[in-house]
$ cat target.cif   # mmCIF, C-alpha atoms
data_data
loop_
_atom_site.label_atom_id
_atom_site.label_comp_id
_atom_site.auth_asym_id
_atom_site.auth_seq_id
_atom_site.Cartn_x
_atom_site.Cartn_y
_atom_site.Cartn_z
CA MET D 2 61.44 -5.57 171.28
CA LEU D 3 63.52 -5.14 168.20
CA PRO D 4 66.50 -7.36 167.62
CA ASN D 5 69.83 -6.10 168.89
CA LYS D 6 71.22 -5.12 165.54
CA GLN D 7 68.34 -2.85 164.67
CA MET D 8 68.23 -1.38 168.16
CA SER D 9 71.84 -0.35 167.98
CA LEU D 10 71.38 1.23 164.57
CA LEU D 11 68.31 3.05 165.83
CA GLY D 12 70.28 4.38 168.78
CA TYR D 13 73.03 5.40 166.39
CA PHE D 14 70.70 7.35 164.11
CA VAL D 15 68.89 9.06 166.94
CA THR D 16 72.08 10.18 168.67
CA ILE D 17 73.69 11.36 165.43
CA ILE D 18 70.61 13.45 164.63
CA LEU D 19 70.65 14.84 168.17
CA ALA D 20 74.33 15.67 167.81
CA MET D 21 73.61 17.51 164.54
CA GLY D 22 70.95 19.45 166.42
CA PHE D 23 73.45 20.38 169.12
CA LYS D 24 75.90 21.51 166.49
CA ILE D 25 73.55 24.15 165.10
CA LEU D 26 71.94 25.10 168.42
CA PRO D 27 71.37 28.86 168.62
CA LEU D 28 73.67 29.88 171.45
CA PRO D 29 75.01 33.22 172.56
CA VAL D 30 78.14 34.21 170.66
CA MET D 31 80.48 33.35 173.51
CA LEU D 32 79.16 29.81 173.76
CA SER D 33 78.78 29.15 170.06
CA ASN D 34 82.45 29.97 169.57
CA ILE D 35 83.42 27.09 171.83
CA ASN D 36 80.65 24.69 170.82
CA PRO D 37 82.50 21.41 170.17
CA ASP D 38 81.87 19.10 167.24
CA TRP D 39 79.24 16.84 168.80
CA VAL D 40 78.66 14.90 165.60
CA LEU D 41 82.28 13.81 165.46
CA LEU D 42 82.25 12.76 169.11
CA ALA D 43 79.12 10.66 168.60
CA LEU D 44 80.55 9.23 165.41
CA ILE D 45 83.78 8.19 167.14
CA TYR D 46 81.85 6.55 169.95
CA TRP D 47 79.65 4.51 167.65
CA THR D 48 82.56 3.51 165.44
CA LEU D 49 84.38 2.20 168.50
CA ALA D 50 81.26 0.52 169.86
CA ILE D 51 79.94 -1.24 166.76
CA PRO D 52 82.81 -1.18 164.24
CA GLU D 53 81.41 -4.20 162.39
CA LYS D 54 78.28 -2.29 161.37
CA LEU D 55 79.64 1.15 160.61
CA GLY D 56 82.22 1.96 158.01
CA VAL D 57 84.07 4.83 156.45
CA PHE D 58 81.33 5.40 153.90
CA ASN D 59 78.82 5.90 156.66
CA ALA D 60 80.98 8.57 158.27
CA TRP D 61 81.40 10.19 154.89
CA VAL D 62 77.63 10.41 154.38
CA VAL D 63 77.17 11.88 157.86
CA GLY D 64 79.83 14.43 156.96
CA LEU D 65 77.95 15.35 153.81
CA PHE D 66 74.81 15.97 155.84
CA VAL D 67 76.75 18.16 158.24
CA ASP D 68 78.15 20.09 155.28
CA VAL D 69 74.68 20.82 153.98
CA LEU D 70 73.38 21.59 157.45
CA THR D 71 76.07 24.14 158.15
CA GLY D 72 76.23 25.54 154.63
CA ARG D 73 79.85 24.59 153.97
CA LEU D 74 81.36 23.36 150.72
CA LEU D 75 80.17 19.82 150.08
CA GLY D 76 82.82 17.32 151.15
CA GLN D 77 84.58 19.35 153.81
CA HIS D 78 83.25 17.62 156.90
CA ALA D 79 82.85 14.44 154.87
CA LEU D 80 86.59 14.29 154.26
CA ALA D 81 87.50 14.95 157.88
CA TYR D 82 84.97 12.49 159.29
CA ALA D 83 85.93 9.75 156.85
CA LEU D 84 89.62 10.06 157.74
CA ILE D 85 88.97 9.98 161.47
CA CYS D 86 86.53 7.11 161.14
CA TYR D 87 89.19 5.20 159.27
CA ALA D 88 91.66 5.74 162.11
CA CYS D 89 89.03 4.65 164.62
CA LEU D 90 88.32 1.48 162.69
CA LYS D 91 92.01 0.65 162.50
CA LEU D 92 92.62 1.31 166.19
CA HIS D 93 89.31 0.29 167.73
CA LYS D 94 90.62 -2.86 169.39
CA ARG D 95 93.33 -0.96 171.18
CA LEU D 96 91.24 2.12 171.93
CA ARG D 97 88.52 0.09 173.59
CA GLN D 98 90.98 -1.19 176.16
CA TYR D 99 92.25 2.24 177.09
CA PRO D 100 90.97 4.06 180.15
CA VAL D 101 88.84 7.11 179.41
CA LEU D 102 91.70 9.46 180.11
CA GLN D 103 93.90 7.84 177.52
CA GLN D 104 91.02 7.80 175.07
CA SER D 105 90.67 11.52 175.59
CA LEU D 106 94.15 11.97 174.18
CA PHE D 107 93.08 10.20 170.99
CA ILE D 108 89.89 12.29 170.91
CA PHE D 109 91.97 15.44 171.25
CA CYS D 110 94.09 14.42 168.27
CA SER D 111 91.10 13.54 166.12
CA LEU D 112 89.23 16.75 166.95
CA LEU D 113 92.38 18.69 166.18
CA VAL D 114 92.90 16.92 162.86
CA SER D 115 89.28 17.46 161.84
CA GLN D 116 89.31 21.10 162.90
CA MET D 117 92.58 21.66 161.06
CA LEU D 118 91.33 20.03 157.87
CA ILE D 119 88.19 22.13 157.94
CA PHE D 120 90.14 25.29 158.69
CA TRP D 121 92.57 24.50 155.91
CA ILE D 122 89.83 23.97 153.34
CA GLU D 123 88.08 27.18 154.44
CA ASN D 124 91.37 28.95 154.13
CA ILE D 125 91.80 27.80 150.54
CA LYS D 126 88.31 29.06 149.77
CA GLN D 127 88.89 32.41 151.43
CA PRO D 128 91.77 33.48 153.66
CA THR D 129 90.71 33.28 157.30
CA GLU D 130 92.43 34.60 160.36
CA PHE D 131 93.95 32.03 162.68
CA THR D 132 92.97 32.94 166.22
CA THR D 133 93.31 31.33 169.61
CA ALA D 134 89.58 30.63 169.45
CA PHE D 135 90.50 27.85 167.03
CA TRP D 136 91.56 25.74 170.01
CA ALA D 137 88.49 26.23 172.17
CA PRO D 138 86.17 23.67 170.52
CA VAL D 139 89.00 21.14 170.44
CA PHE D 140 89.74 21.43 174.16
CA LEU D 141 86.10 21.57 175.17
CA GLY D 142 85.34 18.57 172.97
CA THR D 143 88.08 16.61 174.70
CA LEU D 144 86.72 17.61 178.10
CA CYS D 145 83.24 16.55 177.01
CA TRP D 146 84.38 13.13 175.85
CA PRO D 147 83.94 11.30 179.20
CA VAL D 148 80.40 12.68 179.45
CA VAL D 149 79.56 11.77 175.86
CA TYR D 150 81.13 8.36 176.34
CA SER D 151 79.12 7.47 179.41
CA ALA D 152 75.91 8.98 178.05
CA LEU D 153 76.12 7.07 174.79
CA ARG D 154 77.13 3.88 176.60
CA TYR D 155 74.06 4.28 178.76
CA ILE D 156 71.89 4.67 175.68
CA ARG D 157 73.50 1.64 174.09
CA HIS D 158 72.97 -0.49 177.19
CA LEU D 159 69.36 0.63 177.41
CA GLY D 160 68.63 -1.44 174.35
CA HIS D 161 70.87 -4.36 175.49
CA ILE D 162 73.09 -3.98 172.53
CA GLY D 163 76.07 -6.20 172.37
CA MET H 14 86.73 8.32 149.81
CA VAL H 15 89.35 11.00 150.27
CA LEU H 16 89.63 11.43 146.52
CA VAL H 17 85.86 11.68 146.15
CA SER H 18 85.75 14.35 148.85
CA ILE H 19 88.49 16.37 147.21
CA VAL H 20 86.80 16.12 143.84
CA LEU H 21 83.52 17.22 145.40
CA LEU H 22 85.21 20.16 147.08
CA ALA H 23 86.94 21.24 143.90
CA VAL H 24 83.82 20.91 141.75
CA GLU H 25 81.68 22.88 144.14
CA HIS H 26 84.26 25.55 144.62
CA ARG H 27 84.56 26.18 140.89
CA SER H 28 81.04 25.69 139.59
CA SER H 29 77.44 25.39 140.67
CA ARG H 30 76.94 21.94 139.26
CA LEU H 31 76.27 20.37 142.64
CA ASP H 32 73.36 22.61 143.54
CA GLY H 33 70.88 19.87 142.70
CA SER H 34 72.36 17.32 145.05
CA ARG H 35 72.71 19.93 147.73
CA SER H 36 69.03 20.75 147.51
CA ILE H 37 68.09 17.08 147.83
CA LEU H 38 70.27 16.69 150.91
CA SER H 39 68.94 19.92 152.31
CA ILE H 40 65.38 18.59 152.25
CA LEU H 41 66.60 15.69 154.35
CA VAL H 42 68.26 17.88 156.96
CA TYR H 43 65.46 20.45 157.09
CA PRO H 44 63.63 18.54 159.87
CA ILE H 45 66.75 18.84 162.05
CA GLN H 46 66.76 22.60 161.60
CA LEU H 47 63.08 22.72 162.47
CA LEU H 48 63.71 20.55 165.51
CA VAL H 49 66.44 22.84 166.76
CA SER H 50 64.44 26.01 166.32
CA LEU H 51 61.40 24.42 167.99
CA PRO H 52 62.23 25.38 171.61
CA VAL H 53 62.58 29.06 170.74
CA GLU H 54 59.31 29.07 168.86
CA MET H 55 57.61 27.18 171.69
CA THR H 56 58.69 29.72 174.28
CA GLU H 57 57.48 32.49 172.03
CA GLN H 58 54.09 30.85 171.64
CA MET H 59 53.97 30.24 175.39
CA TYR H 60 54.64 33.90 175.90
CA GLU H 61 51.88 34.81 173.50
CA THR H 62 49.34 32.64 175.28
CA VAL H 63 50.40 33.63 178.77
CA VAL H 64 50.65 37.36 178.18
CA SER H 65 47.76 39.14 179.81
CA TYR H 66 44.64 40.42 178.13
CA THR H 67 45.23 44.04 179.07
CA GLU H 68 48.73 43.86 177.75
CA LEU H 69 47.46 42.58 174.43
CA LYS H 70 44.83 45.25 174.32
CA LYS H 71 47.40 47.92 174.95
CA GLU H 72 49.69 46.55 172.27
CA ASN H 73 46.82 46.29 169.84
CA LYS H 74 45.87 49.90 170.45
CA ARG H 75 49.45 51.03 169.96
CA LEU H 76 49.81 49.07 166.74
CA LYS H 77 46.54 50.45 165.40
CA GLU H 78 47.71 53.97 166.06
CA LYS H 79 51.01 53.20 164.40
CA GLN H 80 49.26 51.74 161.39
CA LEU H 81 47.10 54.83 161.08
CA ILE H 82 50.12 57.10 161.14
CA ASP H 83 51.95 54.88 158.68
CA SER H 84 49.08 54.75 156.24
CA VAL H 85 48.75 58.51 156.31
CA LYS H 86 52.45 58.73 155.59
CA LEU H 87 52.03 56.27 152.76
CA LEU H 88 49.26 58.38 151.23
CA LYS H 89 51.61 61.26 151.10
CA PHE H 90 54.39 59.02 149.91
CA ALA H 91 52.37 57.79 146.93
CA ALA H 92 51.74 61.35 145.85
CA LEU H 93 55.39 62.22 146.30
CA GLU H 94 56.46 59.19 144.33
CA ASN H 95 54.27 60.16 141.40
CA GLU H 96 55.65 63.64 141.53
CA ASN H 97 59.18 62.32 141.67
CA ILE H 98 58.65 60.13 138.61
CA ARG H 99 57.12 63.03 136.73
CA LEU H 100 60.03 65.28 137.61
CA ARG H 101 62.52 62.61 136.68
CA SER H 102 60.87 62.12 133.32
CA LEU H 103 61.21 65.87 132.80
CA LEU H 104 64.90 65.47 133.56
CA GLU H 105 65.02 62.51 131.16
CA ASN H 106 66.03 60.21 133.94
CA SER H 107 64.64 56.74 134.47
CA PHE H 108 63.55 55.52 137.84
CA LYS H 109 63.35 52.01 139.16
CA LEU H 110 60.35 51.04 141.12
CA GLY H 111 58.00 48.21 141.71
CA GLU H 112 59.29 46.00 144.43
CA GLN H 113 57.69 42.85 145.65
CA VAL H 114 58.29 41.40 149.06
CA LEU H 115 57.90 38.04 150.71
CA VAL H 116 57.81 37.64 154.46
CA ALA H 117 60.15 34.93 155.67
CA GLU H 118 60.63 33.76 159.21
CA LEU H 119 63.99 33.12 160.78
CA LEU H 120 64.87 29.62 161.88
CA SER H 121 66.75 29.69 165.15
CA VAL H 122 69.82 27.84 164.06
CA ASN H 123 73.43 28.81 164.22
CA LEU H 124 75.40 27.47 161.30
CA VAL H 125 78.99 28.21 162.21
CA PRO H 126 80.65 30.49 164.70
CA TYR H 127 82.27 33.69 163.33
CA GLU H 128 79.96 33.84 160.34
CA HIS H 129 76.83 35.91 160.34
CA VAL H 130 74.67 33.67 158.23
CA VAL H 131 71.08 32.93 159.17
CA VAL H 132 68.54 30.49 157.80
CA VAL H 133 65.02 31.56 156.83
CA ASN H 134 62.08 29.31 156.11
CA LYS H 135 61.39 30.36 152.52
CA GLY H 136 63.36 28.82 149.71
CA SER H 137 63.46 28.37 145.97
CA ARG H 138 59.96 26.90 146.07
CA PHE H 139 58.79 30.43 146.73
CA GLY H 140 61.04 31.79 144.00
CA VAL H 141 63.79 32.98 146.30
CA HIS H 142 67.11 33.13 144.51
CA LYS H 143 70.71 34.05 145.17
CA LYS H 144 71.72 37.70 145.66
CA GLN H 145 68.29 38.90 146.69
CA PRO H 146 68.28 41.70 149.23
CA VAL H 147 66.73 40.99 152.61
CA LEU H 148 65.22 43.72 154.81
CA ASP H 149 63.44 44.11 158.06
CA ALA H 150 61.17 46.93 159.20
CA ASN H 151 64.14 49.20 159.96
CA GLY H 152 66.62 48.66 157.18
CA ILE H 153 68.79 46.34 155.16
CA VAL H 154 69.55 43.01 156.84
CA GLY H 155 71.63 41.22 154.25
CA GLN H 156 71.42 39.19 151.07
CA VAL H 157 70.51 35.65 150.13
CA ILE H 158 73.67 33.65 149.49
CA ARG H 159 72.13 30.26 148.84
CA SER H 160 68.57 29.25 148.18
CA LEU H 161 67.56 25.68 148.91
CA PRO H 162 64.12 24.22 148.19
CA LEU H 163 62.66 24.71 151.66
CA SER H 164 64.98 27.26 153.22
CA SER H 165 67.59 29.78 152.25
CA GLU H 166 70.75 31.14 153.78
CA VAL H 167 71.06 34.87 154.31
CA MET H 168 74.36 36.60 154.94
CA LEU H 169 73.99 39.59 157.26
CA ILE H 170 75.62 42.91 156.40
CA THR H 171 77.83 42.57 159.48
CA ASP H 172 79.58 39.42 158.23
CA THR H 173 83.26 40.06 157.65
CA ASN H 174 82.90 38.85 154.06
CA HIS H 175 80.08 41.22 153.27
CA ALA H 176 80.37 44.66 151.72
CA ILE H 177 77.52 46.93 150.76
CA PRO H 178 77.71 50.08 148.63
CA VAL H 179 76.19 52.98 150.57
CA GLN H 180 75.87 56.72 150.37
CA VAL H 181 75.46 59.36 153.02
CA ASN H 182 71.84 60.50 152.93
CA ARG H 183 72.74 64.11 153.79
CA ASN H 184 75.14 64.83 150.93
CA GLY H 185 75.24 61.79 148.66
CA LEU H 186 78.84 60.87 149.49
CA ARG H 187 79.36 57.32 148.24
CA THR H 188 81.41 54.64 149.92
CA ILE H 189 81.37 50.99 150.90
CA ALA H 190 80.38 49.60 154.29
CA ILE H 191 82.09 46.39 155.30
CA GLY H 192 80.93 44.00 158.00
CA SER H 193 83.02 43.91 161.14
CA GLY H 194 82.04 40.54 162.57
CA LEU H 195 80.19 42.28 165.39
CA LEU H 196 76.42 42.44 165.14
CA ASN H 197 76.27 46.14 166.02
CA ARG H 198 79.01 47.56 163.86
CA LEU H 199 79.91 48.25 160.23
CA ASN H 200 83.25 49.66 159.12
CA LEU H 201 83.69 52.36 156.50
CA PRO H 202 87.36 51.94 155.70
CA PHE H 203 87.60 53.84 152.40
CA LEU H 204 86.88 57.45 153.35
CA PRO H 205 89.69 60.00 153.57
CA ASN H 206 90.36 62.03 156.69
CA ASN H 207 88.71 65.13 155.24
CA ALA H 208 85.48 63.38 154.19
CA ASP H 209 82.28 65.25 154.94
CA ILE H 210 80.74 62.76 157.32
CA LEU H 211 79.48 63.25 160.85
CA PRO H 212 78.28 61.00 163.65
CA GLY H 213 74.52 60.65 163.27
CA ASP H 214 74.58 60.65 159.47
CA LEU H 215 72.23 58.12 157.92
CA LEU H 216 73.76 55.76 155.37
CA VAL H 217 71.40 54.50 152.67
CA THR H 218 72.00 51.99 149.89
CA SER H 219 73.38 53.65 146.81
CA GLY H 220 72.08 51.07 144.36
CA LEU H 221 75.51 50.63 142.80
CA GLY H 222 76.49 47.03 142.30
CA GLY H 223 72.95 46.09 141.45
CA THR H 224 72.21 43.80 144.37
CA PHE H 225 70.52 46.22 146.72
CA PRO H 226 67.80 48.62 145.58
CA GLN H 227 68.57 52.27 146.05
CA GLY H 228 67.54 54.33 149.02
CA TYR H 229 67.00 51.90 151.87
CA PRO H 230 68.51 52.81 155.24
CA VAL H 231 71.54 50.72 156.18
CA ALA H 232 73.23 52.24 159.20
CA VAL H 233 73.86 55.35 161.24
CA VAL H 234 77.40 56.69 161.56
CA ASP H 235 78.54 56.18 165.08
CA LYS H 236 82.09 57.31 165.41
CA PHE H 237 84.39 59.29 163.17
CA THR H 238 88.04 59.37 164.14
CA VAL H 239 90.61 61.22 162.11
CA GLN H 240 93.87 59.31 161.83
CA PRO H 241 96.50 61.87 160.83
CA ASP H 242 99.13 59.23 160.14
CA GLN H 243 96.85 57.10 157.95
CA PRO H 244 95.39 57.83 154.53
CA PHE H 245 91.89 56.84 155.59
CA ALA H 246 89.75 57.80 158.55
CA ASP H 247 88.42 55.33 161.08
CA ILE H 248 84.63 55.29 160.81
CA TYR H 249 82.12 53.01 162.49
CA ALA H 250 78.41 52.77 161.85
CA THR H 251 75.60 50.96 163.64
CA PRO H 252 73.17 48.99 161.45
CA LYS H 253 69.61 50.28 161.43
CA ALA H 254 68.08 46.81 161.12
CA LYS H 255 67.63 44.92 164.36
CA LEU H 256 69.89 42.10 163.27
CA ASP H 257 69.71 40.09 166.48
CA LYS H 258 66.07 40.77 167.31
CA SER H 259 63.80 40.65 164.30
CA ARG H 260 62.39 37.25 163.46
CA GLU H 261 60.38 38.26 160.41
CA LEU H 262 62.43 39.31 157.43
CA LEU H 263 61.34 40.63 154.05
CA ILE H 264 62.90 39.17 150.93
CA VAL H 265 62.67 41.70 148.12
CA TRP H 266 62.31 41.30 144.39
CA THR H 267 63.36 44.35 142.50
CA ASP H 268 61.80 44.93 139.14
CA PRO H 269 64.77 45.25 136.81
CA THR H 270 62.91 47.16 134.11
CA PRO H 271 62.99 50.88 134.77
CA VAL H 272 59.84 52.89 134.37
CA PRO H 273 59.75 54.39 130.85
CA LEU H 274 60.51 58.05 130.52
CA THR H 275 57.20 59.38 129.34
CA LEU H 276 54.56 57.33 130.99
CA PRO H 277 50.86 57.72 130.49
CA GLU H 278 49.78 55.91 133.64
CA ILE H 279 51.95 55.26 136.61
CA LYS H 280 51.68 51.97 138.38
CA VAL H 281 52.64 52.11 141.98
CA GLU H 282 53.14 48.86 143.78
CA THR H 283 53.49 49.67 147.37
CA GLU H 284 52.13 47.19 149.81
CA PRO H 285 51.65 48.48 153.30
CA LYS H 286 52.95 45.80 155.65
CA VAL H 287 50.50 45.31 158.47
CA GLU H 288 50.96 41.65 159.20
CA ASN H 289 52.28 42.48 162.66
CA SER H 290 48.85 43.28 163.97
CA GLU H 291 47.60 39.84 162.92
CA ASN H 292 50.07 38.11 165.13
CA VAL H 293 48.93 40.01 168.14
CA THR H 294 45.21 39.71 167.77
CA GLU H 295 45.25 35.91 167.74
#
$ encode --input "target.cif" --output "structure tokens"
Amino acid sequence: MLPNKQMSLLGYFVTIILAMGFKILPLPVMLSNINPDWVLLALIYWTLAIPEKLGVFNAWVVGLFVDVLTGRLLGQHALAYALICYACLKLHKRLRQYPVLQQSLFIFCSLLVSQMLIFWIENIKQPTEFTTAFWAPVFLGTLCWPVVYSALRYIRHLGHIG
Amino acid sequence: MVLVSIVLLAVEHRSSRLDGSRSILSILVYPIQLLVSLPVEMTEQMYETVVSYTELKKENKRLKEKQLIDSVKLLKFAALENENIRLRSLLENSFKLGEQVLVAELLSVNLVPYEHVVVVNKGSRFGVHKKQPVLDANGIVGQVIRSLPLSSEVMLITDTNHAIPVQVNRNGLRTIAIGSGLLNRLNLPFLPNNADILPGDLLVTSGLGGTFPQGYPVAVVDKFTVQPDQPFADIYATPKAKLDKSRELLIVWTDPTPVPLTLPEIKVETEPKVENSENVTE
């Protein structure tokens, strides 16, 4: 059995990689339009769970990987993830006490901020149309949060991580 | 961190200085792309092993017949091509030929919604570079927009940011086909209401713009609506290439040097593509 610290980091890496996989999953058009940002959800969970081991830089690097994976301009997801991770780190003590419903509100705000930042940067690069479909991943991501939360907590408790 | 991100964004937007770091990162994320496309490939392989012997035999027979017909056509085509070059040299006209192809396989990943960009498993290690045309057996698929060491990103002709210069095969009318964001439709927004174009007309690449070689089929005109109150007609076309079905794509290298006008010997580089039959006989 590995020590706790390494177990938690292992769980973190595995789930982040899985989340990246989910993000680029080949889905039918209807579903891919509402596919939420799994990487950000996983990142928020782990930042709240083990804030002493993960920092803003880590989120930034994950963002860079997502940028390369999805063929965006380098730094786009990195910027959004770093900002949200910073907010999580600042608020983690309070957020951990909240019931899941109240956490969902925070998740909604962070998904919205990240989506808006990414949309804004894309829009500077090339004008994009703002459609109602913009909201779908945000809402679905918020709805998915309780599931993600319990799934990741289960994974974390599998390895008896503190 | 924020500043670094903004600097990164700005630098990459303006120049291509970050291509090196992007390729290094892309090698690291390539396993994830492979992992994601694994289930699709697995089911395909399952299908190949499970499919019955008679079925395979039938398919093999059909493919053999098709190959025979195609090779006969190619024989004729080679003769025609020689004749064409000779005639063109009489007209003092140069002719581009000599195209090389590389077969690349699609990775089943979906980068972002609303963009028709696909990833193929051949990259700059195979000499793939930006702006190369990509075809399948039926027509133009798109062009390479970014080549990474192990993979490259291909923008399909139906992406809303993609435009391709085309001409009507019947009468040589030139225009531009723009992606509509739907996989089965291209828009031709720049033709006047009295343009000589009919549903069923084949659109081929015109070779203008330099990215796509001339004369490959792109789409078939689908609908032609006259808009009396607008300066331009409303024209839709359906792409010839099976954009959502084909998994093997051909990346093309065009030889930029035209064949000289008076040529003693003519080199013809046409490779009949028969790699389909290999897949089946396994």
$ interface_residues --input "target.cif" --of "chain H" --to "chain D" --cutoff "6 Å" --atoms "all atoms listed in the file" --output "NGL selection string"
:H and (15 or 18 or 21-22 or 49 or 121-124 or 126)
$ closest_residue --input "target.cif" --among "H:Thr173, H:Gln46, H:Gln180, H:Asn73" --to "H:Leu221" --atoms "only C-alpha atoms"
H:Gln180
$ atom_distance --input "target.cif" --atom1 "atom CA of H:His129" --atom2 "atom CA of D:Phe109"
27.7 Å
$ residues_around --input "target.cif" --residues "H:Ala232" --least-positions-apart "2" --cutoff "7 Å" --atoms "all atoms listed in the file" --output "JSON, numbers by chain"
{"H": [215, 216, 230, 234, 250, 251, 252, 253]}
$ write_last_selection --input "target.cif" --atoms "C-alpha atoms" --output "CSV table (one decimal), keeping the file's coordinate frame"
chain,number,residue,atom,x,y,z
H,215,LEU,CA,72.2,58.1,157.9
H,216,LEU,CA,73.8,55.8,155.4
H,230,PRO,CA,68.5,52.8,155.2
H,234,VAL,CA,77.4,56.7,161.6
H,250,ALA,CA,78.4,52.8,161.8
H,251,THR,CA,75.6,51.0,163.6
H,252,PRO,CA,73.2,49.0,161.4
H,253,LYS,CA,69.6,50.3,161.4
$ residues_near_point --input "target.cif" --point "(87.2, 23.5, 170.4)" --cutoff "12 Å" --atoms "only C-alpha atoms" --output "ChimeraX atom specification"
/D:32-39,41-42,108-117,132-145 /H:126
$ resolve_selection --input "target.cif" --expression "the PyMOL selection byres ((chain H and resi 254) around 7)" --output "list in words"
Asp149, Asn151, Gly152, Ile153, Val154, Pro252, Lys253, Lys255 and Leu256 of chain H
$ residues_near_point --input "target.cif" --point "(64.1, 33.3, 173.0)" --cutoff "12 Å" --atoms "all atoms listed in the file" --output "count of residues only"
21
$ resolve_selection --input "target.cif" --expression "the PyMOL selection byres ((chain D and resi 89-98) around 9)" --output "count of residues only"
19
$ atom_distance --input "target.cif" --atom1 "atom CA of D:Thr16" --atom2 "atom CA of H:Ile40"
19.6 Å
$ decode --input "target.cif" --residues "stretch 20-65 of chain D" --atoms "C-alpha atoms" --output "mmCIF file, in the first residue's frame"
data_model
loop_
_atom_site.group_PDB
_atom_site.id
_atom_site.type_symbol
_atom_site.label_atom_id
_atom_site.label_comp_id
_atom_site.auth_asym_id
_atom_site.auth_seq_id
_atom_site.Cartn_x
_atom_site.Cartn_y
_atom_site.Cartn_z
ATOM 1 C CA ALA D 20 -11.944 13.681 -17.302
ATOM 2 C CA MET D 21 -9.805 14.811 -20.264
ATOM 3 C CA GLY D 22 -10.901 11.650 -22.040
ATOM 4 C CA PHE D 23 -14.543 12.447 -21.346
ATOM 5 C CA LYS D 24 -14.048 15.943 -22.663
ATOM 6 C CA ILE D 25 -12.992 14.735 -26.117
ATOM 7 C CA LEU D 26 -15.289 11.701 -26.243
ATOM 8 C CA PRO D 27 -16.752 11.258 -29.724
ATOM 9 C CA LEU D 28 -20.449 11.819 -29.122
ATOM 10 C CA PRO D 29 -23.326 12.540 -31.452
ATOM 11 C CA VAL D 30 -23.647 16.239 -32.234
ATOM 12 C CA MET D 31 -26.592 16.756 -29.902
ATOM 13 C CA LEU D 32 -24.719 15.350 -26.927
ATOM 14 C CA SER D 33 -21.351 16.895 -27.679
ATOM 15 C CA ASN D 34 -22.961 20.326 -27.690
ATOM 16 C CA ILE D 35 -23.977 19.889 -24.074
ATOM 17 C CA ASN D 36 -20.935 17.931 -22.913
ATOM 18 C CA PRO D 37 -19.876 19.718 -19.708
ATOM 19 C CA ASP D 38 -16.324 20.581 -18.768
ATOM 20 C CA TRP D 39 -15.426 17.441 -16.822
ATOM 21 C CA VAL D 40 -11.831 18.500 -16.297
ATOM 22 C CA LEU D 41 -12.892 21.637 -14.473
ATOM 23 C CA LEU D 42 -15.321 19.701 -12.274
ATOM 24 C CA ALA D 43 -12.630 17.192 -11.312
ATOM 25 C CA LEU D 44 -10.157 19.994 -10.747
ATOM 26 C CA ILE D 45 -12.548 21.838 -8.427
ATOM 27 C CA TYR D 46 -13.210 18.685 -6.451
ATOM 28 C CA TRP D 47 -9.553 17.886 -5.922
ATOM 29 C CA THR D 48 -8.701 21.475 -5.060
ATOM 30 C CA LEU D 49 -11.390 21.424 -2.377
ATOM 31 C CA ALA D 50 -10.351 17.980 -1.152
ATOM 32 C CA ILE D 51 -6.580 18.367 -0.934
ATOM 33 C CA PRO D 52 -5.911 22.113 -1.141
ATOM 34 C CA GLU D 53 -2.564 21.743 0.623
ATOM 35 C CA LYS D 54 -1.140 19.655 -2.229
ATOM 36 C CA LEU D 55 -2.595 21.346 -5.272
ATOM 37 C CA GLY D 56 -2.038 24.925 -6.260
ATOM 38 C CA VAL D 57 -2.840 27.422 -8.949
ATOM 39 C CA PHE D 58 0.168 26.398 -10.998
ATOM 40 C CA ASN D 59 -1.089 22.850 -11.131
ATOM 41 C CA ALA D 60 -4.449 23.989 -12.471
ATOM 42 C CA TRP D 61 -2.650 26.145 -14.995
ATOM 43 C CA VAL D 62 -0.640 23.178 -16.295
ATOM 44 C CA VAL D 63 -3.788 21.063 -16.551
ATOM 45 C CA GLY D 64 -5.345 23.906 -18.518
ATOM 46 C CA LEU D 65 -2.393 23.940 -20.896
#
